[in-house]
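Content type compact mmCIF, C-alpha atoms, from the file run.txt:
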```
# COMPACT_ATOMS: atom_id res chain seq x y z
CA MET A 288 27.18 -18.48 14.92
CA ALA A 289 30.03 -16.35 13.52
CA ARG A 290 28.69 -16.82 10.00
CA ALA A 291 25.18 -15.72 11.01
CA THR A 292 26.61 -12.66 12.74
CA THR A 293 28.61 -11.80 9.63
CA THR A 294 25.51 -12.16 7.45
CA ARG A 295 23.45 -9.82 9.65
CA SER A 296 26.32 -7.31 9.73
CA THR A 297 26.56 -7.39 5.94
CA ALA A 298 22.80 -6.83 5.66
CA ARG A 299 23.00 -3.82 7.98
CA THR A 300 25.88 -2.39 5.94
CA ARG A 301 23.95 -2.79 2.69
CA ALA A 302 20.79 -1.37 4.28
CA SER A 303 22.68 1.80 5.19
CA SER A 304 24.02 2.19 1.66
CA ALA A 305 22.34 4.22 -1.10
CA SER A 306 20.80 1.23 -2.86
CA PRO A 307 20.04 -1.79 -0.68
CA LYS A 308 18.35 -4.76 -2.31
CA VAL A 309 14.68 -4.56 -1.35
CA LEU A 310 11.97 -7.17 -0.98
CA ALA A 311 8.63 -5.35 -1.44
CA ILE A 312 5.53 -7.02 0.03
CA ASP A 313 2.00 -5.97 -0.90
CA ILE A 314 -0.46 -7.52 1.56
CA GLY A 315 -4.07 -7.89 0.45
CA GLY A 316 -7.19 -9.66 1.65
CA THR A 317 -6.95 -12.38 -1.01
CA HIS A 318 -3.25 -12.45 -1.95
CA VAL A 319 0.17 -11.44 -0.67
CA LYS A 320 2.35 -10.34 -3.58
CA ILE A 321 6.11 -9.86 -3.53
CA LEU A 322 8.84 -8.53 -5.82
CA ALA A 323 12.54 -8.03 -5.21
CA SER A 324 14.95 -5.45 -6.62
CA GLY A 325 16.15 -6.50 -10.04
CA ARG A 326 13.30 -8.96 -10.59
CA ARG A 327 10.53 -8.50 -13.15
CA ILE A 328 7.97 -11.15 -12.31
CA LYS A 329 6.09 -10.95 -9.02
CA ARG A 330 5.28 -13.96 -6.89
CA GLN A 331 2.15 -14.38 -4.82
CA VAL A 332 0.47 -16.60 -2.28
CA ASP A 333 -3.15 -16.79 -1.14
CA SER A 334 -4.02 -14.89 2.04
CA GLY A 335 -7.45 -14.67 3.67
CA PRO A 336 -8.95 -14.76 7.17
CA GLU A 337 -6.65 -17.55 8.38
CA MET A 338 -3.41 -15.72 7.57
CA THR A 339 -1.71 -14.50 10.74
CA ALA A 340 1.36 -12.26 10.77
CA GLY A 341 3.60 -15.23 11.52
CA GLN A 342 2.09 -17.25 8.68
CA MET A 343 2.61 -14.35 6.28
CA VAL A 344 6.30 -14.16 7.16
CA ALA A 345 6.73 -17.91 6.76
CA ASP A 346 4.93 -17.90 3.41
CA VAL A 347 6.87 -14.90 2.10
CA ARG A 348 10.26 -16.26 3.14
CA LYS A 349 9.48 -19.50 1.33
CA LEU A 350 8.08 -17.63 -1.68
CA ALA A 351 11.21 -15.46 -1.91
CA GLU A 352 13.66 -18.37 -1.93
CA GLY A 353 16.41 -17.74 -4.46
CA TRP A 354 16.00 -13.96 -4.28
CA ASP A 355 18.67 -11.81 -2.67
CA TYR A 356 17.48 -8.93 -0.48
CA ASP A 357 18.90 -6.83 2.36
CA VAL A 358 15.76 -5.05 3.57
CA VAL A 359 11.97 -5.39 3.42
CA ALA A 360 9.26 -2.86 2.57
CA MET A 361 5.74 -3.92 3.54
CA GLY A 362 2.40 -2.42 2.55
CA TYR A 363 -0.09 -3.23 5.30
CA PRO A 364 -3.90 -3.11 4.84
CA GLY A 365 -4.62 -0.88 7.82
CA PRO A 366 -3.33 2.15 9.75
CA VAL A 367 0.37 2.18 10.61
CA LEU A 368 2.22 4.41 13.08
CA HIS A 369 5.97 4.47 13.70
CA ASN A 370 6.55 1.39 11.54
CA ARG A 371 3.95 -0.75 13.34
CA PRO A 372 0.33 -1.69 12.55
CA LEU A 373 -2.17 0.05 14.83
CA LEU A 374 -5.15 -2.25 14.22
CA GLU A 375 -5.65 -5.85 13.19
CA PRO A 376 -6.55 -6.18 9.47
CA ALA A 377 -10.22 -6.56 8.59
CA HIS A 378 -9.84 -9.46 6.17
CA LEU A 379 -6.87 -11.40 7.55
CA GLY A 380 -6.05 -13.39 10.67
CA LYS A 381 -4.83 -12.05 14.01
CA GLY A 382 -1.49 -11.25 15.59
CA TRP A 383 -0.34 -8.32 13.45
CA VAL A 384 -0.36 -5.60 16.11
CA GLY A 385 2.84 -5.82 18.13
CA PHE A 386 4.44 -8.41 15.83
CA ASP A 387 8.23 -8.03 15.45
CA PHE A 388 8.64 -8.16 11.66
CA GLN A 389 12.32 -7.21 11.75
CA THR A 390 13.24 -10.17 13.94
CA ALA A 391 11.01 -12.51 11.93
CA PHE A 392 12.60 -11.53 8.61
CA GLY A 393 16.09 -11.19 10.04
CA CYS A 394 16.69 -7.81 8.37
CA PRO A 395 15.49 -4.19 8.58
CA VAL A 396 11.79 -3.74 7.75
CA LYS A 397 9.75 -0.65 6.89
CA VAL A 398 5.98 -1.01 7.35
CA VAL A 399 3.57 1.53 5.82
CA ASN A 400 -0.11 1.57 4.94
CA ASP A 401 -0.70 -0.22 1.62
CA ALA A 402 -2.29 2.84 -0.01
CA LEU A 403 0.69 4.93 1.03
CA MET A 404 3.13 2.45 -0.51
CA GLN A 405 1.26 2.60 -3.84
CA ALA A 406 1.10 6.40 -3.54
CA VAL A 407 4.88 6.62 -3.08
CA GLY A 408 5.32 4.55 -6.23
CA SER A 409 2.91 6.81 -8.14
CA TYR A 410 4.42 10.12 -7.09
CA GLU A 411 5.79 12.49 -9.76
CA GLY A 412 6.55 15.57 -7.69
CA GLY A 413 4.60 18.47 -6.24
CA ARG A 414 1.43 17.93 -4.24
CA MET A 415 -0.33 14.62 -4.99
CA LEU A 416 -3.53 13.13 -3.59
CA PHE A 417 -3.76 9.35 -3.95
CA LEU A 418 -7.08 7.50 -3.78
CA GLY A 419 -7.15 3.71 -3.90
CA LEU A 420 -10.44 2.15 -5.00
CA GLY A 421 -10.65 -1.38 -3.66
CA THR A 422 -12.42 -3.20 -0.86
CA GLY A 423 -12.39 0.15 0.91
CA LEU A 424 -10.94 3.55 0.04
CA GLY A 425 -7.23 4.09 0.58
CA THR A 426 -6.05 7.70 0.86
CA ALA A 427 -2.65 9.36 1.05
CA LEU A 428 -1.15 12.79 0.43
CA ILE A 429 2.42 13.52 -0.66
CA VAL A 430 3.66 17.10 -0.59
CA ASP A 431 7.17 17.95 -1.83
CA LYS A 432 8.45 14.40 -1.18
CA VAL A 433 6.90 14.16 2.30
CA ALA A 434 4.25 11.42 2.48
CA GLN A 435 1.35 11.24 4.88
CA PRO A 436 -1.19 8.42 5.12
CA MET A 437 -4.71 9.72 5.68
CA GLU A 438 -7.98 8.30 6.99
CA LEU A 439 -10.31 10.34 4.80
CA ALA A 440 -12.29 7.22 3.88
CA HIS A 441 -14.15 7.15 7.19
CA LEU A 442 -15.23 10.78 7.31
CA PRO A 443 -19.01 11.33 7.15
CA TYR A 444 -20.29 12.04 3.65
CA LYS A 445 -24.03 11.65 2.90
CA LYS A 446 -27.04 9.95 4.44
CA HIS A 447 -25.09 8.90 7.54
CA ARG A 448 -22.57 7.10 5.34
CA THR A 449 -18.85 7.68 4.79
CA PHE A 450 -16.85 8.30 1.62
CA GLU A 451 -15.81 4.66 1.71
CA ASP A 452 -19.45 3.54 1.91
CA TYR A 453 -20.00 5.17 -1.48
CA VAL A 454 -16.84 4.34 -3.45
CA GLY A 455 -15.61 1.14 -1.78
CA GLU A 456 -16.67 -2.37 -2.77
CA ALA A 457 -19.85 -2.17 -0.67
CA GLY A 458 -20.86 1.02 -2.45
CA LEU A 459 -20.26 -0.57 -5.84
CA LYS A 460 -22.55 -3.47 -4.94
CA ARG A 461 -25.23 -1.22 -3.44
CA LEU A 462 -25.28 1.45 -6.13
CA GLY A 463 -24.43 -0.48 -9.27
CA LYS A 464 -21.63 0.47 -11.64
CA LYS A 465 -23.24 3.57 -13.20
CA LYS A 466 -24.16 5.29 -9.92
CA TRP A 467 -20.89 4.16 -8.35
CA ARG A 468 -18.96 5.95 -11.10
CA HIS A 469 -20.93 9.14 -10.41
CA ALA A 470 -20.12 8.73 -6.72
CA VAL A 471 -16.41 8.39 -7.50
CA PHE A 472 -16.45 11.67 -9.45
CA ALA A 473 -18.30 13.44 -6.63
CA VAL A 474 -15.99 12.10 -3.91
CA VAL A 475 -12.86 12.98 -5.87
CA GLU A 476 -14.10 16.56 -6.27
CA ARG A 477 -14.86 16.85 -2.54
CA LEU A 478 -11.46 15.53 -1.51
CA LYS A 479 -9.65 17.66 -4.08
CA ALA A 480 -11.35 20.76 -2.66
CA ALA A 481 -10.25 19.78 0.85
CA THR A 482 -6.60 18.92 0.07
CA GLU A 483 -5.86 21.18 -2.94
CA PRO A 484 -3.48 18.83 -4.77
CA ASP A 485 -1.68 19.57 -8.03
CA TYR A 486 -3.00 16.26 -9.33
CA VAL A 487 -4.86 13.14 -8.21
CA VAL A 488 -3.81 9.54 -8.79
CA ILE A 489 -6.64 7.01 -8.68
CA GLY A 490 -5.38 3.48 -8.10
CA GLY A 491 -6.58 0.27 -6.50
CA GLY A 492 -8.17 -2.72 -8.16
CA ASN A 493 -11.47 -1.02 -9.05
CA VAL A 494 -9.97 1.86 -11.03
CA ARG A 495 -10.32 -0.50 -14.01
CA LEU A 496 -14.09 0.03 -13.80
CA LEU A 497 -13.78 3.72 -14.65
CA ASP A 498 -14.02 4.30 -18.41
CA LYS A 499 -13.03 7.94 -17.85
CA LEU A 500 -11.44 9.82 -14.95
CA PRO A 501 -12.36 12.97 -13.04
CA PRO A 502 -10.63 16.19 -14.20
CA GLY A 503 -7.10 16.57 -12.91
CA SER A 504 -6.73 12.84 -12.29
CA ARG A 505 -4.63 10.08 -13.79
CA ARG A 506 -4.89 6.33 -13.55
CA GLY A 507 -2.67 4.47 -11.10
CA ASP A 508 -1.41 0.91 -11.26
CA ASN A 509 -1.24 -1.72 -8.50
CA ALA A 510 2.29 -2.51 -9.68
CA ASN A 511 3.30 0.91 -8.33
CA ALA A 512 3.07 -0.61 -4.85
CA PHE A 513 6.32 -2.46 -5.58
CA LYS A 514 7.90 0.68 -7.00
CA GLY A 515 6.86 2.46 -3.82
CA GLY A 516 8.40 -0.25 -1.67
CA PHE A 517 11.72 0.17 -3.46
CA ARG A 518 11.52 3.96 -3.13
CA LEU A 519 10.99 3.73 0.63
CA TRP A 520 14.61 2.60 0.94
CA GLU A 521 16.14 5.16 -1.41
CA LYS A 522 18.60 7.50 0.23
CA ASN A 523 17.21 11.07 0.22
CA GLY A 524 13.95 9.71 -1.18
CA ILE A 525 10.39 10.33 -0.06
CA ALA A 526 10.05 10.87 3.68
CA VAL A 527 7.34 8.81 5.41
```
Give the structure from this file in structure tokens form.
Amino acid sequence: MARATTTRSTARTRASSASPKVLAIDIGGTHVKILASGRRIKRQVDSGPEMTAGQMVADVRKLAEGWDYDVVAMGYPGPVLHNRPLLEPAHLGKGWVGFDFQTAFGCPVKVVNDALMQAVGSYEGGRMLFLGLGTGLGTALIVDKVAQPMELAHLPYKKHRTFEDYVGEAGLKRLGKKKWRHAVFAVVERLKAATEPDYVVIGGGNVRLLDKLPPGSRRGDNANAFKGGFRLWEKNGIAV
């Protein structure tokens, strides 16, 4: 018991230091991917509709064996408030809302929306709008190192459909690649006009389908989710 107490105390001490060792977790509908500070090669495990919160923790702890970490940063595929998921994920199992991730991992945990975590990793100063093209549309805004997840995806757009209905996976299938690309350009321009960013980062898995980008935009990378997870624990870093 004394040894366990000492270990937890050491973890808390490291977590309060400038550079704790971080385990970053990027949760998706098909895979959960992880990377720890100082490591170069990610590890992943299949997810899907049977993966509950408890199963995710068990799988990640097993997957991370041999890696040293003091804290966890988790990108969650849904809205998050005050470090806790607000809704159950659309493409995973149940039990995420109200789950005690800190107790389950045995160390401090920061939970943010997955788009926000990738946005934090993509940020290069000023006022940045992040748009994640994937199953849905992830949106986040960072202004002068203060990050805010946004739910712009579900705002009404055209023909009784939302922005996400046009540029998410369903829109890609309905419209076809050529019309979907036009929709992406149109949606980016609308959201730029509303948020007035210095620049736009377009990330998510489907950014690869864009052969060119809207003006004022640059291409993101899913690997920035891990970078964002590490940044969440930086002292005097981006505020979430």
Pairwise distance for CA of Ala480 in chain A and CA of Asp498 in chain A, rounded to one decimal in Å: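 We find that CA of Ala480 in chain A and CA of Asp498 in chain A lie 22.9 Å from each other.
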Surrounding residues of Asp452 in chain A excluding itself and chain neighbours under 2 positions, 10 Å, only C-alpha atoms, as a PyMOL selection string: chain A and resi 423-424+440-445+447-450+454-459+461
Export of the given selection (C-alpha atoms) as a PDB file, keeping the file's coordinate frame:
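Output (part.pdb):
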```pdb
ATOM      1  CA  GLY A 423     -12.390   0.150   0.910  1.00  0.00           C
ATOM      2  CA  LEU A 424     -10.940   3.550   0.040  1.00  0.00           C
ATOM      3  CA  ALA A 440     -12.290   7.220   3.880  1.00  0.00           C
ATOM      4  CA  HIS A 441     -14.150   7.150   7.190  1.00  0.00           C
ATOM      5  CA  LEU A 442     -15.230  10.780   7.310  1.00  0.00           C
ATOM      6  CA  PRO A 443     -19.010  11.330   7.150  1.00  0.00           C
ATOM      7  CA  TYR A 444     -20.290  12.040   3.650  1.00  0.00           C
ATOM      8  CA  LYS A 445     -24.030  11.650   2.900  1.00  0.00           C
ATOM      9  CA  HIS A 447     -25.090   8.900   7.540  1.00  0.00           C
ATOM     10  CA  ARG A 448     -22.570   7.100   5.340  1.00  0.00           C
ATOM     11  CA  THR A 449     -18.850   7.680   4.790  1.00  0.00           C
ATOM     12  CA  PHE A 450     -16.850   8.300   1.620  1.00  0.00           C
ATOM     13  CA  VAL A 454     -16.840   4.340  -3.450  1.00  0.00           C
ATOM     14  CA  GLY A 455     -15.610   1.140  -1.780  1.00  0.00           C
ATOM     15  CA  GLU A 456     -16.670  -2.370  -2.770  1.00  0.00           C
ATOM     16  CA  ALA A 457     -19.850  -2.170  -0.670  1.00  0.00           C
ATOM     17  CA  GLY A 458     -20.860   1.020  -2.450  1.00  0.00           C
ATOM     18  CA  LEU A 459     -20.260  -0.570  -5.840  1.00  0.00           C
ATOM     19  CA  ARG A 461     -25.230  -1.220  -3.440  1.00  0.00           C
TER      20      ARG A 461
END
```
Residue nearest Tyr410 in chain A among A:Met361, A:Ile328, A:Leu519, A:Ala391 (counting only C-alpha atoms): A:Leu519
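Here the question is which of A:Ala470, A:Ala434, A:Met343, A:Leu373 gets nearest to Ala402 in chain A using only C-alpha atoms, and that residue is A:Ala434.
Going from CA of Gly524 in chain A to CA of Val407 in chain A covers 9.8 Å.
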Using only C-alpha atoms, which residue out of A:Lys349, A:Gly365, A:Glu476, A:Lys397 lies closest to Met437 in chain A?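 Smallest distance to Met437 in chain A is found for A:Gly365.
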Atom-to-atom span, CA of Ile525 in chain A and CA of Gly503 in chain A, Å: 22.6 Å
Taking into account all atoms listed in the file, which residue in the set A:Pro307, A:Gly491, A:Gly463, A:Pro502 is nearest to Val475 in chain A?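 Using all atoms listed in the file, Val475 in chain A sits closest to A:Pro502.
Nearest residue to Leu368 in chain A among A:Asn400, A:Thr422, A:Ser504, A:Thr390 is A:Asn400, counting only C-alpha atoms.
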Counting all atoms listed in the file, the option among A:Leu310, A:Val494, A:Leu403, A:Leu379 closest to Arg348 in chain A: A:Leu310
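The list of residues within 12 Å of (8.3, 17.7, -1.3), counted using only C-alpha atoms, is A:Val407, A:Tyr410, A:Glu411, A:Gly412, A:Gly413, A:Arg414, A:Met415, A:Leu428, A:Ile429, A:Val430, A:Asp431, A:Lys432, A:Val433, A:Ala434, A:Gln435, A:Asn523, A:Gly524, A:Ile525, A:Ala526, A:Val527.
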